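Asker: The file below is my_file_31.cif, mmCIF, C-alpha atoms:
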data_query
loop_
_atom_site.group_PDB
_atom_site.id
_atom_site.type_symbol
_atom_site.label_atom_id
_atom_site.label_comp_id
_atom_site.auth_asym_id
_atom_site.auth_seq_id
_atom_site.Cartn_x
_atom_site.Cartn_y
_atom_site.Cartn_z
ATOM 1 C CA MET R 39 -175.649 57.553 -41.304
ATOM 2 C CA THR R 40 -174.040 60.747 -42.562
ATOM 3 C CA ARG R 41 -175.888 62.579 -45.326
ATOM 4 C CA ILE R 42 -175.804 65.911 -47.103
ATOM 5 C CA ILE R 43 -178.617 67.924 -45.552
ATOM 6 C CA SER R 44 -178.382 70.984 -47.778
ATOM 7 C CA ALA R 45 -176.270 72.806 -50.338
ATOM 8 C CA THR R 46 -177.163 76.434 -50.972
ATOM 9 C CA VAL R 47 -175.846 79.631 -52.543
ATOM 10 C CA GLU R 48 -175.473 82.769 -50.432
ATOM 11 C CA ARG R 49 -174.699 86.212 -51.877
ATOM 12 C CA TRP R 50 -172.524 88.574 -49.851
ATOM 13 C CA PRO R 51 -171.815 92.194 -50.939
ATOM 14 C CA VAL R 52 -168.224 93.376 -51.186
ATOM 15 C CA ALA R 53 -167.174 96.542 -49.372
ATOM 16 C CA GLY R 54 -166.892 98.860 -52.375
ATOM 17 C CA ALA R 55 -165.368 96.793 -55.184
ATOM 18 C CA PHE R 56 -162.647 94.142 -55.346
ATOM 19 C CA VAL R 57 -160.560 94.886 -58.441
ATOM 20 C CA ILE R 58 -157.866 92.719 -60.052
ATOM 21 C CA SER R 59 -156.433 92.540 -63.572
ATOM 22 C CA ARG R 60 -159.331 90.326 -64.691
ATOM 23 C CA GLY R 61 -162.078 92.727 -63.576
ATOM 24 C CA ALA R 62 -164.077 93.980 -60.595
ATOM 25 C CA LYS R 63 -166.472 92.214 -58.215
ATOM 26 C CA THR R 64 -169.163 93.891 -56.136
ATOM 27 C CA HIS R 65 -170.408 90.681 -54.481
ATOM 28 C CA VAL R 66 -169.431 87.068 -53.994
ATOM 29 C CA ASP R 67 -171.665 84.003 -54.177
ATOM 30 C CA VAL R 68 -170.538 81.319 -51.730
ATOM 31 C CA ILE R 69 -171.646 77.703 -51.445
ATOM 32 C CA VAL R 70 -172.656 76.465 -48.002
ATOM 33 C CA CYS R 71 -172.883 72.711 -47.461
ATOM 34 C CA THR R 72 -174.420 71.160 -44.343
ATOM 35 C CA VAL R 73 -173.978 67.497 -43.429
ATOM 36 C CA GLY R 74 -175.434 65.587 -40.509
ATOM 37 C CA ASP R 75 -175.789 62.197 -38.884
ATOM 38 C CA GLY R 76 -179.109 62.753 -37.091
ATOM 39 C CA VAL R 77 -177.402 64.036 -33.966
ATOM 40 C CA HIS R 78 -174.705 66.472 -35.071
ATOM 41 C CA GLU R 79 -174.358 68.775 -38.053
ATOM 42 C CA GLY R 80 -171.300 70.231 -39.757
ATOM 43 C CA ARG R 81 -170.963 73.123 -42.191
ATOM 44 C CA GLY R 82 -168.463 74.081 -44.836
ATOM 45 C CA GLU R 83 -168.167 76.953 -47.284
ATOM 46 C CA GLY R 84 -166.605 77.249 -50.719
ATOM 47 C CA THR R 85 -166.236 79.942 -53.372
ATOM 48 C CA ALA R 86 -166.408 78.933 -57.017
ATOM 49 C CA ILE R 87 -163.137 79.285 -58.931
ATOM 50 C CA TYR R 88 -164.579 81.497 -61.642
ATOM 51 C CA TYR R 89 -161.394 81.653 -63.760
ATOM 52 C CA GLU R 90 -161.654 77.868 -64.172
ATOM 53 C CA GLY R 91 -165.277 78.034 -65.225
ATOM 54 C CA GLU R 92 -166.872 77.100 -61.900
ATOM 55 C CA SER R 93 -170.117 78.733 -60.782
ATOM 56 C CA ALA R 94 -171.861 78.689 -57.436
ATOM 57 C CA GLU R 95 -174.925 77.089 -59.022
ATOM 58 C CA GLY R 96 -172.806 74.392 -60.651
ATOM 59 C CA CYS R 97 -171.123 73.608 -57.348
ATOM 60 C CA VAL R 98 -174.487 73.278 -55.605
ATOM 61 C CA ALA R 99 -175.676 70.933 -58.364
ATOM 62 C CA ALA R 100 -172.531 68.825 -57.907
ATOM 63 C CA LEU R 101 -173.180 68.535 -54.182
ATOM 64 C CA GLN R 102 -176.850 67.728 -54.650
ATOM 65 C CA GLY R 103 -175.927 65.017 -57.153
ATOM 66 C CA TYR R 104 -173.046 63.507 -55.188
ATOM 67 C CA ALA R 105 -173.675 59.838 -54.429
ATOM 68 C CA GLY R 106 -170.217 58.713 -53.302
ATOM 69 C CA PRO R 107 -168.951 57.917 -49.811
ATOM 70 C CA LEU R 108 -169.236 60.751 -47.292
ATOM 71 C CA GLU R 109 -165.725 60.257 -45.979
ATOM 72 C CA ARG R 110 -162.965 62.819 -46.313
ATOM 73 C CA ASP R 111 -160.344 60.518 -47.831
ATOM 74 C CA ALA R 112 -162.891 59.088 -50.272
ATOM 75 C CA LEU R 113 -163.704 62.550 -51.591
ATOM 76 C CA LEU R 114 -160.181 62.824 -53.012
ATOM 77 C CA THR R 115 -160.990 60.134 -55.582
ATOM 78 C CA HIS R 116 -164.784 60.374 -55.876
ATOM 79 C CA MET R 117 -165.088 64.138 -56.456
ATOM 80 C CA PRO R 118 -162.992 66.565 -58.518
ATOM 81 C CA ARG R 119 -161.101 69.301 -56.726
ATOM 82 C CA GLY R 120 -162.782 72.670 -56.478
ATOM 83 C CA ALA R 121 -165.189 74.679 -54.375
ATOM 84 C CA ALA R 122 -167.880 71.983 -54.116
ATOM 85 C CA ARG R 123 -165.439 69.452 -52.694
ATOM 86 C CA ASN R 124 -164.008 72.114 -50.400
ATOM 87 C CA ALA R 125 -167.426 72.905 -48.916
ATOM 88 C CA LEU R 126 -168.215 69.212 -48.396
ATOM 89 C CA ASP R 127 -164.773 68.304 -47.041
ATOM 90 C CA CYS R 128 -164.845 71.137 -44.505
ATOM 91 C CA ALA R 129 -168.404 70.224 -43.488
ATOM 92 C CA LEU R 130 -167.227 66.663 -42.800
ATOM 93 C CA TRP R 131 -164.306 67.936 -40.686
ATOM 94 C CA ASP R 132 -166.745 70.108 -38.711
ATOM 95 C CA LEU R 133 -169.120 67.181 -38.206
ATOM 96 C CA GLU R 134 -166.312 64.884 -37.074
ATOM 97 C CA ALA R 135 -165.097 67.472 -34.564
ATOM 98 C CA LYS R 136 -168.576 67.825 -33.086
ATOM 99 C CA ARG R 137 -168.979 64.055 -32.821
ATOM 100 C CA ALA R 138 -165.663 63.738 -31.027
ATOM 101 C CA GLY R 139 -166.120 66.863 -28.899
ATOM 102 C CA VAL R 140 -162.670 68.149 -29.832
ATOM 103 C CA PRO R 141 -161.495 70.908 -32.182
ATOM 104 C CA VAL R 142 -160.494 70.164 -35.762
ATOM 105 C CA TRP R 143 -156.904 71.195 -35.126
ATOM 106 C CA GLN R 144 -156.643 68.376 -32.591
ATOM 107 C CA LEU R 145 -158.213 65.861 -34.983
ATOM 108 C CA ALA R 146 -155.686 66.894 -37.627
ATOM 109 C CA GLY R 147 -152.712 66.529 -35.270
ATOM 110 C CA LEU R 148 -151.915 70.251 -35.370
ATOM 111 C CA ALA R 149 -150.893 72.687 -32.666
ATOM 112 C CA ALA R 150 -153.561 74.951 -31.224
ATOM 113 C CA PRO R 151 -154.044 77.855 -33.646
ATOM 114 C CA ALA R 152 -152.574 81.236 -32.814
ATOM 115 C CA ALA R 153 -153.561 84.678 -34.071
ATOM 116 C CA LEU R 154 -152.379 85.274 -37.638
ATOM 117 C CA PRO R 155 -150.880 88.445 -39.159
ATOM 118 C CA THR R 156 -152.988 88.448 -42.326
ATOM 119 C CA ALA R 157 -152.287 90.596 -45.342
ATOM 120 C CA PHE R 158 -154.872 93.106 -46.486
ATOM 121 C CA THR R 159 -155.464 93.366 -50.216
ATOM 122 C CA ILE R 160 -155.027 96.687 -51.992
ATOM 123 C CA SER R 161 -157.233 96.394 -55.072
ATOM 124 C CA LEU R 162 -156.008 97.425 -58.488
ATOM 125 C CA GLY R 163 -156.509 101.129 -59.147
ATOM 126 C CA ASP R 164 -154.699 104.294 -60.109
ATOM 127 C CA PRO R 165 -151.671 105.147 -57.953
ATOM 128 C CA GLY R 166 -153.535 107.792 -55.954
ATOM 129 C CA LYS R 167 -156.341 105.416 -55.017
ATOM 130 C CA MET R 168 -153.912 102.631 -54.085
ATOM 131 C CA GLU R 169 -151.899 105.071 -51.968
ATOM 132 C CA SER R 170 -154.960 106.167 -50.007
ATOM 133 C CA ASP R 171 -156.140 102.570 -49.609
ATOM 134 C CA ALA R 172 -152.707 101.557 -48.322
ATOM 135 C CA ARG R 173 -152.679 104.441 -45.841
ATOM 136 C CA ALA R 174 -156.111 103.419 -44.544
ATOM 137 C CA ALA R 175 -155.097 99.757 -44.208
ATOM 138 C CA ALA R 176 -151.921 100.651 -42.320
ATOM 139 C CA ALA R 177 -153.972 102.836 -39.984
ATOM 140 C CA ARG R 178 -156.136 99.795 -39.205
ATOM 141 C CA GLY R 179 -153.046 97.895 -38.060
ATOM 142 C CA PHE R 180 -152.248 95.802 -41.130
ATOM 143 C CA ALA R 181 -148.484 95.312 -41.323
ATOM 144 C CA LEU R 182 -148.565 93.278 -44.560
ATOM 145 C CA LEU R 183 -150.253 94.582 -47.710
ATOM 146 C CA LYS R 184 -150.926 92.552 -50.857
ATOM 147 C CA CYS R 185 -151.116 94.757 -53.945
ATOM 148 C CA LYS R 186 -152.957 93.728 -57.092
ATOM 149 C CA LEU R 187 -151.068 94.547 -60.300
ATOM 150 C CA THR R 188 -151.812 94.500 -63.998
ATOM 151 C CA GLY R 189 -148.491 94.440 -65.864
ATOM 152 C CA GLU R 190 -148.714 98.115 -66.876
ATOM 153 C CA GLY R 191 -147.750 101.000 -64.627
ATOM 154 C CA ASP R 192 -147.028 98.670 -61.712
ATOM 155 C CA ARG R 193 -143.913 100.489 -60.544
ATOM 156 C CA ALA R 194 -145.837 103.736 -60.105
ATOM 157 C CA ARG R 195 -148.559 101.895 -58.201
ATOM 158 C CA ILE R 196 -146.118 100.310 -55.768
ATOM 159 C CA ALA R 197 -144.243 103.586 -55.289
ATOM 160 C CA ALA R 198 -147.576 105.144 -54.334
ATOM 161 C CA VAL R 199 -148.438 102.309 -51.962
ATOM 162 C CA ARG R 200 -145.029 102.665 -50.337
ATOM 163 C CA ALA R 201 -145.673 106.365 -49.866
ATOM 164 C CA GLY R 202 -149.018 105.610 -48.253
ATOM 165 C CA ALA R 203 -147.674 102.870 -45.988
ATOM 166 C CA PRO R 204 -143.929 103.438 -45.552
ATOM 167 C CA ASP R 205 -143.524 100.859 -42.796
ATOM 168 C CA ALA R 206 -145.669 98.055 -44.212
ATOM 169 C CA ARG R 207 -144.373 94.836 -45.671
ATOM 170 C CA LEU R 208 -145.457 94.495 -49.303
ATOM 171 C CA ILE R 209 -146.212 91.516 -51.539
ATOM 172 C CA VAL R 210 -147.678 91.776 -55.026
ATOM 173 C CA ASP R 211 -150.025 89.645 -57.110
ATOM 174 C CA ALA R 212 -149.562 89.935 -60.870
ATOM 175 C CA ASN R 213 -152.484 87.568 -61.614
ATOM 176 C CA GLU R 214 -150.586 86.207 -64.665
ATOM 177 C CA SER R 215 -150.156 89.696 -66.173
ATOM 178 C CA TRP R 216 -146.324 89.698 -66.375
ATOM 179 C CA HIS R 217 -146.126 86.807 -68.832
ATOM 180 C CA ALA R 218 -144.687 88.856 -71.728
ATOM 181 C CA MET R 219 -142.563 91.158 -69.560
ATOM 182 C CA ASP R 220 -138.958 91.066 -68.378
ATOM 183 C CA ILE R 221 -139.852 89.432 -65.072
ATOM 184 C CA ALA R 222 -136.381 89.745 -63.548
ATOM 185 C CA ALA R 223 -136.198 93.475 -64.320
ATOM 186 C CA GLU R 224 -139.688 94.145 -63.011
ATOM 187 C CA ALA R 225 -139.001 92.181 -59.837
ATOM 188 C CA ALA R 226 -135.759 94.086 -59.269
ATOM 189 C CA ALA R 227 -137.547 97.434 -59.607
ATOM 190 C CA LEU R 228 -140.187 96.412 -57.083
ATOM 191 C CA ALA R 229 -137.584 94.939 -54.726
ATOM 192 C CA ALA R 230 -136.024 98.410 -54.556
ATOM 193 C CA LEU R 231 -139.381 99.634 -53.223
ATOM 194 C CA GLY R 232 -139.401 96.992 -50.503
ATOM 195 C CA VAL R 233 -141.582 94.335 -52.130
ATOM 196 C CA GLU R 234 -140.712 90.890 -50.791
ATOM 197 C CA MET R 235 -142.574 88.458 -53.083
ATOM 198 C CA VAL R 236 -144.296 88.264 -56.488
ATOM 199 C CA GLU R 237 -147.337 86.034 -56.906
ATOM 200 C CA GLN R 238 -148.169 84.320 -60.226
ATOM 201 C CA PRO R 239 -146.291 86.427 -62.800
ATOM 202 C CA VAL R 240 -146.960 83.996 -65.691
ATOM 203 C CA ILE R 241 -149.986 82.335 -67.261
ATOM 204 C CA HIS R 242 -150.873 79.047 -65.581
ATOM 205 C CA GLY R 243 -150.033 76.124 -67.794
ATOM 206 C CA GLN R 244 -147.061 78.033 -69.238
ATOM 207 C CA GLU R 245 -144.732 77.767 -66.265
ATOM 208 C CA ASP R 246 -141.807 77.036 -68.606
ATOM 209 C CA ARG R 247 -141.753 80.795 -69.209
ATOM 210 C CA LEU R 248 -139.833 81.025 -65.908
ATOM 211 C CA ALA R 249 -137.017 78.717 -67.018
ATOM 212 C CA GLY R 250 -133.757 80.619 -66.685
ATOM 213 C CA VAL R 251 -135.367 83.646 -64.990
ATOM 214 C CA ARG R 252 -133.238 84.825 -62.096
ATOM 215 C CA ALA R 253 -135.554 87.095 -60.164
ATOM 216 C CA SER R 254 -134.377 89.015 -57.116
ATOM 217 C CA LEU R 255 -137.680 88.241 -55.352
ATOM 218 C CA PRO R 256 -139.313 84.887 -54.565
ATOM 219 C CA LEU R 257 -141.914 83.875 -57.155
ATOM 220 C CA CYS R 258 -145.045 82.239 -55.783
ATOM 221 C CA ALA R 259 -147.364 79.923 -57.743
ATOM 222 C CA ASP R 260 -151.079 80.601 -57.315
ATOM 223 C CA GLU R 261 -153.135 79.720 -60.398
ATOM 224 C CA SER R 262 -150.339 77.267 -61.249
ATOM 225 C CA CYS R 263 -150.690 75.291 -58.004
ATOM 226 C CA HIS R 264 -153.847 73.503 -56.926
ATOM 227 C CA THR R 265 -152.934 70.123 -55.410
ATOM 228 C CA ARG R 266 -149.900 67.944 -54.751
ATOM 229 C CA ALA R 267 -150.077 66.736 -58.353
ATOM 230 C CA ASP R 268 -148.878 70.176 -59.538
ATOM 231 C CA LEU R 269 -145.652 70.305 -57.543
ATOM 232 C CA ASP R 270 -143.562 68.359 -60.066
ATOM 233 C CA ARG R 271 -143.825 71.160 -62.663
ATOM 234 C CA LEU R 272 -143.245 74.095 -60.311
ATOM 235 C CA GLY R 273 -139.490 73.856 -59.928
ATOM 236 C CA ASP R 274 -138.934 77.402 -61.191
ATOM 237 C CA PHE R 275 -141.160 78.815 -58.436
ATOM 238 C CA ASP R 276 -139.902 79.448 -54.916
ATOM 239 C CA ALA R 277 -143.253 79.271 -53.126
ATOM 240 C CA VAL R 278 -146.814 78.009 -53.504
ATOM 241 C CA ASN R 279 -150.057 79.706 -52.528
ATOM 242 C CA ILE R 280 -152.438 77.167 -50.989
ATOM 243 C CA LYS R 281 -156.151 77.921 -51.194
ATOM 244 C CA LEU R 282 -158.783 75.493 -49.989
ATOM 245 C CA ASP R 283 -161.063 76.067 -52.968
ATOM 246 C CA LYS R 284 -158.255 75.240 -55.379
ATOM 247 C CA ALA R 285 -157.145 72.212 -53.370
ATOM 248 C CA GLY R 286 -160.690 70.980 -52.886
ATOM 249 C CA GLY R 287 -160.772 71.053 -49.112
ATOM 250 C CA LEU R 288 -158.783 71.082 -45.908
ATOM 251 C CA THR R 289 -157.734 67.442 -46.331
ATOM 252 C CA GLU R 290 -155.806 68.062 -49.551
ATOM 253 C CA ALA R 291 -154.597 71.504 -48.430
ATOM 254 C CA LEU R 292 -152.888 70.041 -45.366
ATOM 255 C CA ALA R 293 -151.300 67.302 -47.477
ATOM 256 C CA LEU R 294 -150.149 69.852 -50.066
ATOM 257 C CA ALA R 295 -148.581 72.050 -47.395
ATOM 258 C CA SER R 296 -146.697 69.102 -45.930
ATOM 259 C CA GLU R 297 -145.322 67.889 -49.261
ATOM 260 C CA ALA R 298 -144.494 71.386 -50.494
ATOM 261 C CA ARG R 299 -142.467 72.078 -47.362
ATOM 262 C CA ALA R 300 -140.657 68.754 -47.780
ATOM 263 C CA ARG R 301 -139.668 69.825 -51.305
ATOM 264 C CA GLY R 302 -138.318 73.164 -50.120
ATOM 265 C CA PHE R 303 -141.128 75.472 -51.203
ATOM 266 C CA ARG R 304 -142.078 78.409 -49.032
ATOM 267 C CA ILE R 305 -145.739 78.425 -48.077
ATOM 268 C CA MET R 306 -148.340 81.102 -48.639
ATOM 269 C CA VAL R 307 -151.948 80.506 -47.642
ATOM 270 C CA GLY R 308 -154.576 82.553 -49.410
ATOM 271 C CA CYS R 309 -158.297 82.602 -50.002
ATOM 272 C CA MET R 310 -161.066 83.622 -52.327
ATOM 273 C CA LEU R 311 -163.645 86.205 -51.291
ATOM 274 C CA SER R 312 -165.650 84.410 -48.605
ATOM 275 C CA THR R 313 -167.102 84.713 -45.126
ATOM 276 C CA SER R 314 -165.303 83.566 -42.002
ATOM 277 C CA LEU R 315 -166.876 80.137 -42.430
ATOM 278 C CA GLY R 316 -164.556 79.678 -45.398
ATOM 279 C CA ILE R 317 -161.581 81.378 -43.748
ATOM 280 C CA ALA R 318 -161.575 79.378 -40.486
ATOM 281 C CA PRO R 319 -160.302 76.066 -41.953
ATOM 282 C CA ALA R 320 -157.711 77.902 -44.062
ATOM 283 C CA ALA R 321 -156.383 79.475 -40.862
ATOM 284 C CA LEU R 322 -155.320 76.008 -39.707
ATOM 285 C CA VAL R 323 -153.219 75.502 -42.851
ATOM 286 C CA ALA R 324 -151.769 79.000 -42.398
ATOM 287 C CA GLN R 325 -150.149 78.294 -39.047
ATOM 288 C CA GLY R 326 -146.410 78.731 -39.658
ATOM 289 C CA ALA R 327 -146.781 79.934 -43.277
ATOM 290 C CA HIS R 328 -144.347 82.488 -44.712
ATOM 291 C CA TRP R 329 -147.151 84.727 -46.010
ATOM 292 C CA ILE R 330 -150.785 84.720 -44.919
ATOM 293 C CA ASP R 331 -153.514 86.312 -47.000
ATOM 294 C CA LEU R 332 -156.805 85.475 -45.312
ATOM 295 C CA ASP R 333 -158.675 88.733 -45.698
ATOM 296 C CA GLY R 334 -161.553 87.303 -47.764
ATOM 297 C CA ALA R 335 -164.143 88.106 -45.112
ATOM 298 C CA LEU R 336 -162.557 91.466 -44.287
ATOM 299 C CA LEU R 337 -163.252 92.637 -47.841
ATOM 300 C CA LEU R 338 -166.997 92.079 -47.481
ATOM 301 C CA ALA R 339 -169.516 94.715 -46.457
ATOM 302 C CA GLU R 340 -170.293 92.457 -43.487
ATOM 303 C CA ASP R 341 -169.316 89.000 -42.262
ATOM 304 C CA ARG R 342 -171.637 86.278 -41.020
ATOM 305 C CA ALA R 343 -172.493 86.215 -37.317
ATOM 306 C CA GLY R 344 -169.680 84.805 -35.215
ATOM 307 C CA GLY R 345 -167.001 85.727 -37.761
ATOM 308 C CA LEU R 346 -163.333 85.539 -36.849
ATOM 309 C CA PRO R 347 -162.296 88.580 -34.779
ATOM 310 C CA LEU R 348 -159.639 90.983 -36.063
ATOM 311 C CA ARG R 349 -157.429 92.976 -33.709
ATOM 312 C CA ASP R 350 -154.589 95.223 -34.894
ATOM 313 C CA GLY R 351 -154.262 93.387 -38.200
ATOM 314 C CA MET R 352 -154.217 89.996 -36.457
ATOM 315 C CA LEU R 353 -156.877 87.424 -37.296
ATOM 316 C CA GLN R 354 -157.940 85.721 -34.081
ATOM 317 C CA PRO R 355 -159.044 82.092 -33.644
ATOM 318 C CA GLY R 356 -162.805 81.684 -33.307
ATOM 319 C CA THR R 357 -165.559 79.142 -32.715
ATOM 320 C CA LEU R 358 -167.610 79.624 -35.897
ATOM 321 C CA TRP R 359 -166.303 76.371 -37.405
ATOM 322 C CA GLY R 360 -164.462 73.278 -36.263
ATOM 323 C CA ALA R 361 -164.374 74.089 -32.547
ATOM 324 C CA GLY R 362 -165.865 70.764 -31.478
ATOM 325 C CA GLN R 363 -168.278 72.476 -29.101
#
Would you put the structure from the file into structure tokens?
Answerer:
Amino acid sequence: MTRIISATVERWPVAGAFVISRGAKTHVDVIVCTVGDGVHEGRGEGTAIYYEGESAEGCVAALQGYAGPLERDALLTHMPRGAARNALDCALWDLEAKRAGVPVWQLAGLAAPAALPTAFTISLGDPGKMESDARAAAARGFALLKCKLTGEGDRARIAAVRAGAPDARLIVDANESWHAMDIAAEAAALAALGVEMVEQPVIHGQEDRLAGVRASLPLCADESCHTRADLDRLGDFDAVNIKLDKAGGLTEALALASEARARGFRIMVGCMLSTSLGIAPAALVAQGAHWIDLDGALLLAEDRAGGLPLRDGMLQPGTLWGAGQ
């Protein structure tokens, strides 16, 4: 019989600081869930969605108190979405793969994963700092940079990033900070600097702010999109950012990606700060996505042993999770 063996919090230092419009982080607390059947064990990792009030300790308590069926489809109705369900869902996928002796991608009916050109995040800072960070990231081989913005002085920041990385593709994350701004005008100014997409310009829950906005860049829903249930109100967005912690696991994330594509949305796959144990399942959803932002482990001071390899800005498949070995 499958049971939850453990649910624990692990603290991982960030390399320097991770800065967005809501503040800075110097570490991340992740939740690691282990399930087993007496023969095999599976692991999954989640990161609490802090802007929705989740905490690592609360997620662990939810896992320790869970008494519902330990089946992936059952979790969708017996447990709310979020980091706790993500950790448990991914642990169940890992366990099932080990039982069957096949990789998760095969269980899910997907093609074998290829290396992914992940973005590297340029944290919010003054233009000079963002320029130097962009130059360093480009030198490491990252061809796509994701720039954090704040709604004030963003044009100068992106001009500096462009100077630091003249050949890089650029996407930007407003983290809801453009809500009161002329979004079309701001997008047009950044498009002239080579930006190709704007993530979450408006406050989640107030998506009607985009009605009638004719932006020159695709607008991508992040905080506004968690599961398939959100798609009906996202008609003024062009794309959705799928994150396993928001969706509550790989099971829902795969279903969300499928339905979003069917409705004509472009797909971005992102992540919270996490180790490669949290990134590996997201990499399966990211196959074929328009934009891939799976640098959560790359922003840490160190990754866990067996982390996904990175070569020339390309995230390589690994065997840390879901390999069925």
Asker: Need to verify the contact set: region 203-206 of chain R, 6 Å, only C-alpha atoms, exclusion of same-chain residues closer than 4 positions in sequence. Can you return it as a ChimeraX atom specification?
Answerer: /R:172-173,181-182
Asker: Would you kindly return, as a count of residues only, each protein, DNA or RNA residue with an atom no farther than 9 Å from any atom of region 280-293 of chain R, considering only C-alpha atoms and excluding same-chain residues fewer than 5 positions away?
Answerer: 41
Asker: Carefully work through the PyMOL selection byres ((chain R and resi 350) around 10) for this structure and note down the residues it includes, as a PDB file with C-alpha atoms, in the coordinates of the input.
Answerer:
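Resulting contents of part_0.pdb:
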ATOM      1  CA  PRO R 155    -150.880  88.445 -39.159  1.00  0.00           C
ATOM      2  CA  ALA R 176    -151.921 100.651 -42.320  1.00  0.00           C
ATOM      3  CA  ALA R 177    -153.972 102.836 -39.984  1.00  0.00           C
ATOM      4  CA  ARG R 178    -156.136  99.795 -39.205  1.00  0.00           C
ATOM      5  CA  GLY R 179    -153.046  97.895 -38.060  1.00  0.00           C
ATOM      6  CA  PHE R 180    -152.248  95.802 -41.130  1.00  0.00           C
ATOM      7  CA  ALA R 181    -148.484  95.312 -41.323  1.00  0.00           C
ATOM      8  CA  LEU R 348    -159.639  90.983 -36.063  1.00  0.00           C
ATOM      9  CA  ARG R 349    -157.429  92.976 -33.709  1.00  0.00           C
ATOM     10  CA  GLY R 351    -154.262  93.387 -38.200  1.00  0.00           C
ATOM     11  CA  MET R 352    -154.217  89.996 -36.457  1.00  0.00           C
ATOM     12  CA  LEU R 353    -156.877  87.424 -37.296  1.00  0.00           C
TER      13      LEU R 353
END
Asker: Going by the chain IDs and residue numbers used in this file, which residues fall under the PyMOL selection byres ((chain R and resi 275) around 9)? Write them as a PDB file with C-alpha atoms, in the coordinates of the input.
Answerer:
ATOM      1  CA  GLU R 245    -144.732  77.767 -66.265  1.00  0.00           C
ATOM      2  CA  LEU R 248    -139.833  81.025 -65.908  1.00  0.00           C
ATOM      3  CA  PRO R 256    -139.313  84.887 -54.565  1.00  0.00           C
ATOM      4  CA  LEU R 257    -141.914  83.875 -57.155  1.00  0.00           C
ATOM      5  CA  CYS R 258    -145.045  82.239 -55.783  1.00  0.00           C
ATOM      6  CA  ALA R 259    -147.364  79.923 -57.743  1.00  0.00           C
ATOM      7  CA  LEU R 272    -143.245  74.095 -60.311  1.00  0.00           C
ATOM      8  CA  GLY R 273    -139.490  73.856 -59.928  1.00  0.00           C
ATOM      9  CA  ASP R 274    -138.934  77.402 -61.191  1.00  0.00           C
ATOM     10  CA  ASP R 276    -139.902  79.448 -54.916  1.00  0.00           C
ATOM     11  CA  ALA R 277    -143.253  79.271 -53.126  1.00  0.00           C
ATOM     12  CA  VAL R 278    -146.814  78.009 -53.504  1.00  0.00           C
ATOM     13  CA  PHE R 303    -141.128  75.472 -51.203  1.00  0.00           C
TER      14      PHE R 303
END
Asker: List as a PyMOL selection string the protein and nucleic acid residues near Ala152 (chain R), meaning an atom at most 9 Å away when only C-alpha atoms are counted, but skip any in the same chain fewer than 4 places from it.
Answerer: chain R and resi 325+353-355
Asker: Just say which residues the PyMOL selection byres ((chain R and resi 77) around 10) picks in this file, as a count of residues only.
Answerer: 10
Asker: Do you know which residues lie at most 7 Å from (-148.3, 88.0, -61.5), with coordinates as in the file and all atoms listed in the file counted, and could you write them as a PyMOL selection string?
Answerer: chain R and resi 211-216+236-240
Asker: Edge lengths and centre in Å to one decimal, as JSON, of the axis-aligned box that encloses all listed atoms of region 131-143 of chain R with 5 Å added on every side?
Answerer:
{"center_x": -163.0, "center_y": 67.5, "center_z": -34.8, "size_x": 22.2, "size_y": 17.5, "size_z": 21.8}
